[in-house]
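Read through the structure below, which is laid out as structure tokens, and then see the notes.
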Amino acid sequence: MRAFLVLLPLIFLLQGCELTAYKPLGFHGGYSSSYLGGATYRIYVQGTYTSDYDVIKGYFHRRGVELCRKYKTTNYEVVDLSERPCRWCLMVKPEIVGTIQCIGSDGVAATGKGLVANSQLNSYFSFLANQLMQETLMDRSIRMAVFPFLNTRDNEAGQLGVYCSNKLSVALFGFKNVQMVERQQLDKAVEELALTLSGRFDEATIKSVGQFLGVDAIVVGSYTVPERVGADVTARVIEIKTGEILGVGSIQIPRIWIEGLIPS
């Protein structure tokens, strides 16, 4: 107790005016955000040891509003959220991380070119996730990484490929027995292995990244965009140890829902 009383003034002195500052992430906390495609963003906010968690949650909302203003809206839907609401913990900094989807005033999701029916679009990827998880995967705990989908035309991911992988990751996250690798972790692993996400590497190389991440299986996919139609999206789950295909699935997304993401 005596040590605590001695340490407490020092902590306040070190924190100073940085207790509730709204600013990019630094030594004294702050926010960071990354674009996931399709008006979807990943937001992370961290406080200091003495921050009020309600303030940190407010910063999460403030950053979400700022990001969505480029789509001429201040509304967003929280796709997933993880919180560590620690108040006056001294040893742990409070933090919140989540994915948001910017939406218009009529409740549909914003994209680079207009609005799409977000709930309907989510249902497509939920259907794809259910196809992948049938039979062999339903009754086992599994750690997975979803790679950006590749365009069959040029074997590159592009904006639509990244969007599809992010949407599928969120859908797979809903299964209790599935643990997903964060996109940031995947990007870091690819970078450390001196690769790129351009699609210019084969499945053997992707498996190496999977082993580096310590996952049980990887999800790879592709999409084709026929003229005047939507996108034909296919995906498969590959076990790292054996190379066996554990699950396959496919969907077709109407073009009007992904118009802003379709490569020219």
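Chain lettering (A, B, ...) mirrors the order of the structure tokens, residue numbering begins at 1 for each chain separately, and ligand numbering begins at 1 in order of display.
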>> Which residues are close to segment 240-256 of chain A, i.e. within 7 Å by only C-alpha atoms, leaving aside same-chain residues fewer than 5 positions away? Reply as a PyMOL selection string.
In response: chain A and resi 124+128+131-133+136+207+210-211+216-217+229-235
Can I get the selection written as a compact mmCIF listing (two decimals), in the first residue's frame, with N, CA and C atoms?
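Full text of out-v4.txt as output:
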# COMPACT_ATOMS: atom_id res chain seq x y z
N TYR A 124 -25.03 -12.51 -47.91
CA TYR A 124 -24.32 -13.28 -48.93
C TYR A 124 -23.04 -13.88 -48.34
N LEU A 128 -21.80 -17.72 -47.59
CA LEU A 128 -20.52 -18.26 -48.01
C LEU A 128 -19.78 -18.88 -46.83
N GLN A 131 -21.20 -22.24 -45.99
CA GLN A 131 -20.75 -23.26 -46.93
C GLN A 131 -19.37 -23.78 -46.54
N LEU A 132 -18.48 -22.85 -46.19
CA LEU A 132 -17.11 -23.22 -45.85
C LEU A 132 -17.04 -24.04 -44.56
N MET A 133 -17.95 -23.76 -43.64
CA MET A 133 -17.88 -24.39 -42.32
C MET A 133 -18.68 -25.68 -42.21
N THR A 136 -16.90 -30.91 -41.82
CA THR A 136 -15.64 -31.16 -41.11
C THR A 136 -15.26 -30.04 -40.14
N LYS A 207 0.74 -20.79 -47.82
CA LYS A 207 0.82 -21.75 -46.73
C LYS A 207 1.99 -21.43 -45.80
N GLY A 210 0.83 -18.90 -43.59
CA GLY A 210 -0.06 -19.52 -42.62
C GLY A 210 0.70 -20.17 -41.48
N GLN A 211 1.78 -20.85 -41.81
CA GLN A 211 2.62 -21.48 -40.79
C GLN A 211 3.28 -20.42 -39.92
N ASP A 216 -4.30 -22.95 -38.14
CA ASP A 216 -4.61 -24.32 -38.54
C ASP A 216 -4.99 -24.40 -40.01
N ALA A 217 -5.61 -23.32 -40.50
CA ALA A 217 -6.07 -23.33 -41.89
C ALA A 217 -6.08 -21.91 -42.44
N VAL A 229 -22.81 -8.22 -65.26
CA VAL A 229 -23.26 -9.09 -64.16
C VAL A 229 -22.52 -8.64 -62.91
N GLY A 230 -22.77 -9.29 -61.82
CA GLY A 230 -22.08 -8.95 -60.59
C GLY A 230 -20.72 -9.61 -60.52
N ALA A 231 -20.41 -10.16 -59.37
CA ALA A 231 -19.12 -10.83 -59.18
C ALA A 231 -19.36 -12.26 -58.72
N ASP A 232 -18.74 -13.20 -59.42
CA ASP A 232 -18.78 -14.60 -58.98
C ASP A 232 -17.61 -14.80 -58.02
N VAL A 233 -17.94 -15.10 -56.78
CA VAL A 233 -16.93 -15.22 -55.72
C VAL A 233 -16.85 -16.67 -55.25
N THR A 234 -15.66 -17.21 -55.22
CA THR A 234 -15.45 -18.57 -54.71
C THR A 234 -14.39 -18.54 -53.62
N ALA A 235 -14.48 -19.48 -52.69
CA ALA A 235 -13.51 -19.56 -51.60
C ALA A 235 -13.32 -21.01 -51.18
>> I'd like the neighbourhood of Ser141 of chain A as a ChimeraX atom specification, where a residue qualifies if any of its atoms comes within 10 Å (using only C-alpha atoms), though same-chain residues fewer than 6 positions away should be ignored.
In response: /A:175-179,216
> Which of segment 16-82 of chain A counts as alpha helix (DSSP H) under DSSP, as a ChimeraX atom specification please?
Replying inline: /A:53-68
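Nearest to Ile142 of chain A of all the residues A:Pro94, A:Leu25, A:Leu261, A:Val181 is A:Val181, counting only C-alpha atoms.
Near segment 77-82 of chain A, within 6 Å and counting only C-alpha atoms, sit A:Ile96, A:Val97, A:Gly98, A:Thr99, A:Ile100, A:Gln101, not including residues fewer than 2 positions from it in the same chain.
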Can you write just those residues out, C-alpha atoms, as a PDB file, in the first residue's frame?
ATOM      1  CA  ILE A  96     -11.319  -0.305 -27.572  1.00  0.00           C
ATOM      2  CA  VAL A  97     -10.982  -1.740 -31.074  1.00  0.00           C
ATOM      3  CA  GLY A  98     -13.711  -2.352 -33.601  1.00  0.00           C
ATOM      4  CA  THR A  99     -14.800  -2.377 -37.218  1.00  0.00           C
ATOM      5  CA  ILE A 100     -17.350   0.138 -38.474  1.00  0.00           C
ATOM      6  CA  GLN A 101     -19.344   0.367 -41.714  1.00  0.00           C
TER       7      GLN A 101
END
> Looking at A:Thr40, A:Thr50, A:Gln185, A:Ser222, which one is nearest to His28 of chain A, with distances taken over only C-alpha atoms?
Replying inline: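 Checking each of A:Thr40, A:Thr50, A:Gln185, A:Ser222 against His28 of chain A, counting only C-alpha atoms, the winner is A:Thr50.
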> At what distance in Å, to one decimal, does atom CA of Tyr44 of chain A lie from atom CA of Ala157 of chain A?
Replying inline: 25.1 Å
> Within 9 Å of Leu168 of chain A, counting only C-alpha atoms, which residues qualify if same-chain residues fewer than 5 places away don't, as a PyMOL selection string?
Replying inline: chain A and resi 122+125-126+128-129+146+163+173
Suppose we keep C-alpha atoms; can you now write the selection as a short mmCIF file (atom, residue, chain, number, x, y, z; two decimals), in the first residue's frame?
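Contents of part-v8.cif, as written:
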data_model
loop_
_atom_site.label_atom_id
_atom_site.label_comp_id
_atom_site.auth_asym_id
_atom_site.auth_seq_id
_atom_site.Cartn_x
_atom_site.Cartn_y
_atom_site.Cartn_z
CA ASN A 122 -23.79 -9.33 -45.33
CA PHE A 125 -21.05 -13.56 -47.03
CA SER A 126 -22.80 -15.30 -44.13
CA LEU A 128 -20.52 -18.26 -48.01
CA ALA A 129 -19.16 -18.74 -44.48
CA VAL A 146 -8.43 -15.10 -44.66
CA TYR A 163 -13.39 -6.13 -49.39
CA PHE A 173 -15.93 -14.51 -36.68
#
> Of the candidates A:Val215, A:Ile56, A:Met138, A:Ala145, which shows the shortest atom-to-atom distance to Lys93 of chain A, using only C-alpha atoms?
Replying inline: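 Among A:Val215, A:Ile56, A:Met138, A:Ala145, it is A:Ile56 that comes nearest to Lys93 of chain A.
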>> Between atom CA of Ala21 of chain A and atom CA of Ala39 of chain A, what is the distance in Å, rounded to a tenth?
In response: 26.2 Å
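Neighbouring residues of segment 148-151 of chain A at 9 Å or closer, counting only C-alpha atoms and skipping chain neighbours under 3 positions away, are Asp154, Asn155, Glu156, Ala157, Gly158, Leu160, Gly161, Val162, Tyr163, Cys164, Ser165, Asn166, Leu197, Ser198, Gly199, Val219, Val220, Gly221, Ser222, Tyr223, Thr224, Val225, Val233, Thr234 and Ala235 of chain A.
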>> For a test of reading the model, state the distance in Å between atom CA of Ser123 of chain A and atom CA of Cys102 of chain A, rounded to one decimal.
In response: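 That distance, rounded to one decimal, is 17.4 Å.
Among the candidates A:Thr48, A:Gln159, A:Asn75, A:Ser169, the residue lying nearest to His61 of chain A is A:Asn75 (atoms considered: only C-alpha atoms).
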